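Down below is the structure, laid out as structure tokens.
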Amino acid sequence: MFVILREFSSSNMENVDSFTLLNTINISATLICMVLKVPQIFLLLNTKCTKGVSLRALLLEITGYIVFATYQKHHGYPIATFLEYPIMVAQDSVLLLMMLHYDGNLWQSLIYSLAYVVGWQLLSLQGWIIDLALSFCTFISGSSKFSQLQCLWASGDAGQVSALTWAMATYTCIARIFTTISTTGDLKVLLRFFVLTTLNGWVFVTIVYYRLRGKKLT
């Protein structure tokens with residue numbers, strides 16, 4: 001009898017610990033994403049220069065966020081696993097407006113806004129559309145990171161790119177690998193986060209490299 005009770009108690013403790021860990025990671029990922037682009041926004045405010053920051057990468061990133069959040073919502077996945085994406089879309093939208101403003105192309109924001117609204121409506125029409133879109137989502141999101149890498153390589157300057165933003169982005173992707181394994185186990189979603197973890201980490205390392213190289217040159 002005591003053996004059964006001990007085993008039952010041990011099993012319950014393990015379940016509680018796993019649940020607590022999952023909740024902690026979910027909360028940490030969401031909280032970090034709430035301020036993910038704040039360092040980059042303040043950096044642009046201070047420098048008023050977009051050199052080294054890729055507009056194409058930002059547009060692709062917003063697209064990837066919209067597709068992914070719509071896919072998660074369509075399949076009824078726990079809201080805690082994608083709550084941060086609407087927040088990141090809002091932050092990226094602010095960043096986009098700032099970049100267009102400093103480049104003297106603020107009028108283009110109307111075109112981008114219309115394109116995103118129409119695109120989101122199309123995604124919501126049929127289930128097969130959003131499923132197909134997610135198949136391209138990993139490629140779209142990966143392309144956004146690679147575009148940022150190309151922009152850094154071309155400029156050779158990371159002064160206007162926030163290392164903190166990319167470090168936090170790397171952490172959140174690692175966190176989402178764990179939460180996806182623990183909840184939905186969706187292989188498409190897991191593949192996306194594995195790819196993004198690698199590319200986010202690559203961007204972060206590149207930023208640090210250019211910063212250190214710049215200090216040595218001065």
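Residue numbers start at 1 in each chain; chains themselves are named A, B, ... in the order of the structure tokens; ligands are numbered from 1 in the order shown.
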
When DSSP works through the backbone of this structure, what residues of segment 27-211 of chain A end up as alpha helix (DSSP H), shown as number ranges by chain? A: 27-34, 38-47, 55-74, 84-102, 108-123, 127-155, 163-182, 187-211

Export of prior selection with C-alpha atoms as a CSV table (one decimal), in the first residue's frame:
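The new file out_4.csv reads:
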```
chain,number,residue,atom,x,y,z
A,27,ILE,CA,5.7,32.9,-19.8
A,28,SER,CA,9.4,33.8,-20.3
A,29,ALA,CA,9.1,33.5,-24.1
A,30,THR,CA,6.0,35.7,-24.1
A,31,LEU,CA,7.6,38.3,-21.8
A,32,ILE,CA,10.8,38.5,-23.8
A,33,CYS,CA,8.8,38.8,-27.1
A,34,MET,CA,6.8,41.7,-25.6
A,38,VAL,CA,12.4,47.5,-28.2
A,39,PRO,CA,16.3,47.5,-28.2
A,40,GLN,CA,16.3,47.8,-32.0
A,41,ILE,CA,13.6,50.5,-32.0
A,42,PHE,CA,15.6,52.6,-29.5
A,43,LEU,CA,18.8,52.0,-31.4
A,44,LEU,CA,17.2,53.4,-34.6
A,45,LEU,CA,15.7,56.3,-32.6
A,46,ASN,CA,19.2,57.2,-31.4
A,47,THR,CA,21.0,56.8,-34.7
A,55,LEU,CA,13.9,46.2,-45.0
A,56,ARG,CA,13.4,43.0,-47.0
A,57,ALA,CA,14.2,40.9,-43.9
A,58,LEU,CA,11.6,42.9,-41.9
A,59,LEU,CA,8.9,42.4,-44.4
A,60,LEU,CA,9.5,38.7,-44.7
A,61,GLU,CA,9.6,38.4,-40.9
A,62,ILE,CA,6.2,40.1,-40.5
A,63,THR,CA,4.8,37.7,-43.2
A,64,GLY,CA,6.1,34.7,-41.4
A,65,TYR,CA,4.7,35.8,-38.1
A,66,ILE,CA,1.2,36.4,-39.6
A,67,VAL,CA,1.2,33.0,-41.3
A,68,PHE,CA,2.4,31.1,-38.2
A,69,ALA,CA,0.0,32.8,-35.8
A,70,THR,CA,-2.9,32.2,-38.2
A,71,TYR,CA,-1.9,28.5,-38.6
A,72,GLN,CA,-1.7,28.0,-34.8
A,73,LYS,CA,-5.1,29.7,-34.2
A,74,HIS,CA,-6.8,27.7,-37.1
A,84,GLU,CA,3.7,36.5,-28.6
A,85,TYR,CA,3.3,36.6,-32.4
A,86,PRO,CA,0.6,39.3,-32.6
A,87,ILE,CA,2.8,41.4,-30.2
A,88,MET,CA,5.8,40.9,-32.5
A,89,VAL,CA,3.8,41.9,-35.5
A,90,ALA,CA,2.9,45.1,-33.8
A,91,GLN,CA,6.6,45.8,-32.8
A,92,ASP,CA,7.8,45.0,-36.3
A,93,SER,CA,5.1,47.3,-37.7
A,94,VAL,CA,6.5,50.2,-35.6
A,95,LEU,CA,10.0,49.3,-36.8
A,96,LEU,CA,8.9,49.2,-40.4
A,97,LEU,CA,7.3,52.7,-40.1
A,98,MET,CA,10.5,54.0,-38.6
A,99,MET,CA,12.7,52.6,-41.3
A,100,LEU,CA,10.4,53.9,-44.1
A,101,HIS,CA,10.4,57.3,-42.3
A,102,TYR,CA,14.2,57.6,-42.0
A,108,GLN,CA,5.0,53.0,-48.9
A,109,SER,CA,3.5,52.0,-45.5
A,110,LEU,CA,0.0,52.3,-47.1
A,111,ILE,CA,0.9,49.7,-49.8
A,112,TYR,CA,2.4,47.3,-47.2
A,113,SER,CA,-0.6,47.7,-44.9
A,114,LEU,CA,-3.1,46.9,-47.6
A,115,ALA,CA,-1.0,43.9,-48.8
A,116,TYR,CA,-0.9,42.4,-45.3
A,117,VAL,CA,-4.6,42.9,-44.6
A,118,VAL,CA,-5.6,41.3,-47.9
A,119,GLY,CA,-3.1,38.5,-47.4
A,120,TRP,CA,-4.4,37.7,-43.9
A,121,GLN,CA,-8.0,37.6,-45.2
A,122,LEU,CA,-7.0,35.1,-48.0
A,123,LEU,CA,-5.2,32.9,-45.4
A,127,GLY,CA,-8.0,25.4,-44.0
A,128,TRP,CA,-5.9,24.0,-46.9
A,129,ILE,CA,-4.7,27.5,-47.7
A,130,ILE,CA,-3.2,28.1,-44.3
A,131,ASP,CA,-1.8,24.5,-44.2
A,132,LEU,CA,-0.1,25.2,-47.6
A,133,ALA,CA,1.1,28.6,-46.4
A,134,LEU,CA,2.8,27.1,-43.4
A,135,SER,CA,4.8,24.8,-45.7
A,136,PHE,CA,6.3,28.0,-47.1
A,137,CYS,CA,6.4,29.7,-43.7
A,138,THR,CA,9.7,28.2,-42.7
A,139,PHE,CA,11.3,29.2,-46.0
A,140,ILE,CA,9.8,32.8,-45.7
A,141,SER,CA,11.1,33.2,-42.1
A,142,GLY,CA,14.4,31.6,-42.9
A,143,SER,CA,14.8,34.0,-45.9
A,144,SER,CA,14.1,37.0,-43.6
A,145,LYS,CA,17.1,36.0,-41.4
A,146,PHE,CA,19.3,35.3,-44.4
A,147,SER,CA,18.4,38.7,-45.9
A,148,GLN,CA,19.5,40.3,-42.6
A,149,LEU,CA,22.8,38.3,-42.8
A,150,GLN,CA,23.3,39.5,-46.4
A,151,CYS,CA,22.7,43.1,-45.4
A,152,LEU,CA,25.3,42.8,-42.6
A,153,TRP,CA,27.8,41.2,-44.9
A,154,ALA,CA,27.2,43.9,-47.6
A,155,SER,CA,27.5,46.9,-45.2
A,163,ALA,CA,22.6,42.3,-30.7
A,164,LEU,CA,20.3,42.1,-27.7
A,165,THR,CA,17.2,41.7,-30.0
A,166,TRP,CA,18.8,38.8,-31.9
A,167,ALA,CA,20.0,37.1,-28.7
A,168,MET,CA,16.5,37.2,-27.3
A,169,ALA,CA,15.1,36.0,-30.6
A,170,THR,CA,17.4,33.0,-30.4
A,171,TYR,CA,16.3,32.2,-26.9
A,172,THR,CA,12.6,32.4,-27.7
A,173,CYS,CA,13.0,29.9,-30.6
A,174,ILE,CA,14.9,27.5,-28.3
A,175,ALA,CA,12.1,27.9,-25.7
A,176,ARG,CA,9.4,27.2,-28.4
A,177,ILE,CA,11.2,24.0,-29.4
A,178,PHE,CA,10.6,22.7,-25.9
A,179,THR,CA,7.0,23.9,-25.6
A,180,THR,CA,6.1,22.5,-29.0
A,181,ILE,CA,7.6,19.1,-28.1
A,182,SER,CA,5.7,19.2,-24.7
A,187,LEU,CA,6.7,18.4,-36.9
A,188,LYS,CA,6.2,21.4,-39.2
A,189,VAL,CA,6.4,23.8,-36.3
A,190,LEU,CA,9.4,22.0,-34.8
A,191,LEU,CA,11.3,22.2,-38.1
A,192,ARG,CA,10.5,25.9,-38.3
A,193,PHE,CA,11.9,26.6,-34.8
A,194,PHE,CA,15.1,24.5,-35.4
A,195,VAL,CA,15.8,26.5,-38.6
A,196,LEU,CA,15.1,29.8,-37.0
A,197,THR,CA,17.2,29.0,-33.9
A,198,THR,CA,20.2,28.3,-36.2
A,199,LEU,CA,19.7,31.4,-38.3
A,200,ASN,CA,19.0,33.8,-35.4
A,201,GLY,CA,22.1,32.5,-33.6
A,202,TRP,CA,24.1,33.1,-36.8
A,203,VAL,CA,22.9,36.7,-37.1
A,204,PHE,CA,23.7,37.3,-33.4
A,205,VAL,CA,27.3,35.9,-33.8
A,206,THR,CA,27.8,38.0,-37.0
A,207,ILE,CA,26.7,41.2,-35.1
A,208,VAL,CA,29.1,40.5,-32.3
A,209,TYR,CA,31.9,39.8,-34.8
A,210,TYR,CA,31.5,43.1,-36.5
A,211,ARG,CA,31.2,45.0,-33.2
```

Grab the atom CA of Gln126 of chain A to atom CA of His75 of chain A distance for me, in Å with one decimal place. 12.0 Å

One-decimal distance in Å that lies between atom CA of Leu36 of chain A and atom CA of Thr184 of chain A: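 For atom CA of Thr184 of chain A relative to atom CA of Leu36 of chain A, the distance reads 24.5 Å.
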
Could you check which of A:Ile79, A:Val35, A:Leu125, A:Cys49 is closest to Asp103 of chain A, using only C-alpha atoms? A:Cys49

Of the candidates A:Gly156, A:Phe19, A:Leu83, A:Tyr77, which one gets nearest to Val53 of chain A if we count only C-alpha atoms?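 Nearest candidate to Val53 of chain A out of A:Gly156, A:Phe19, A:Leu83, A:Tyr77: A:Gly156.
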
Just the number, please: distance in Å from atom CA of Leu21 of chain A to atom CA of Pro78 of chain A, one decimal. 15.9 Å
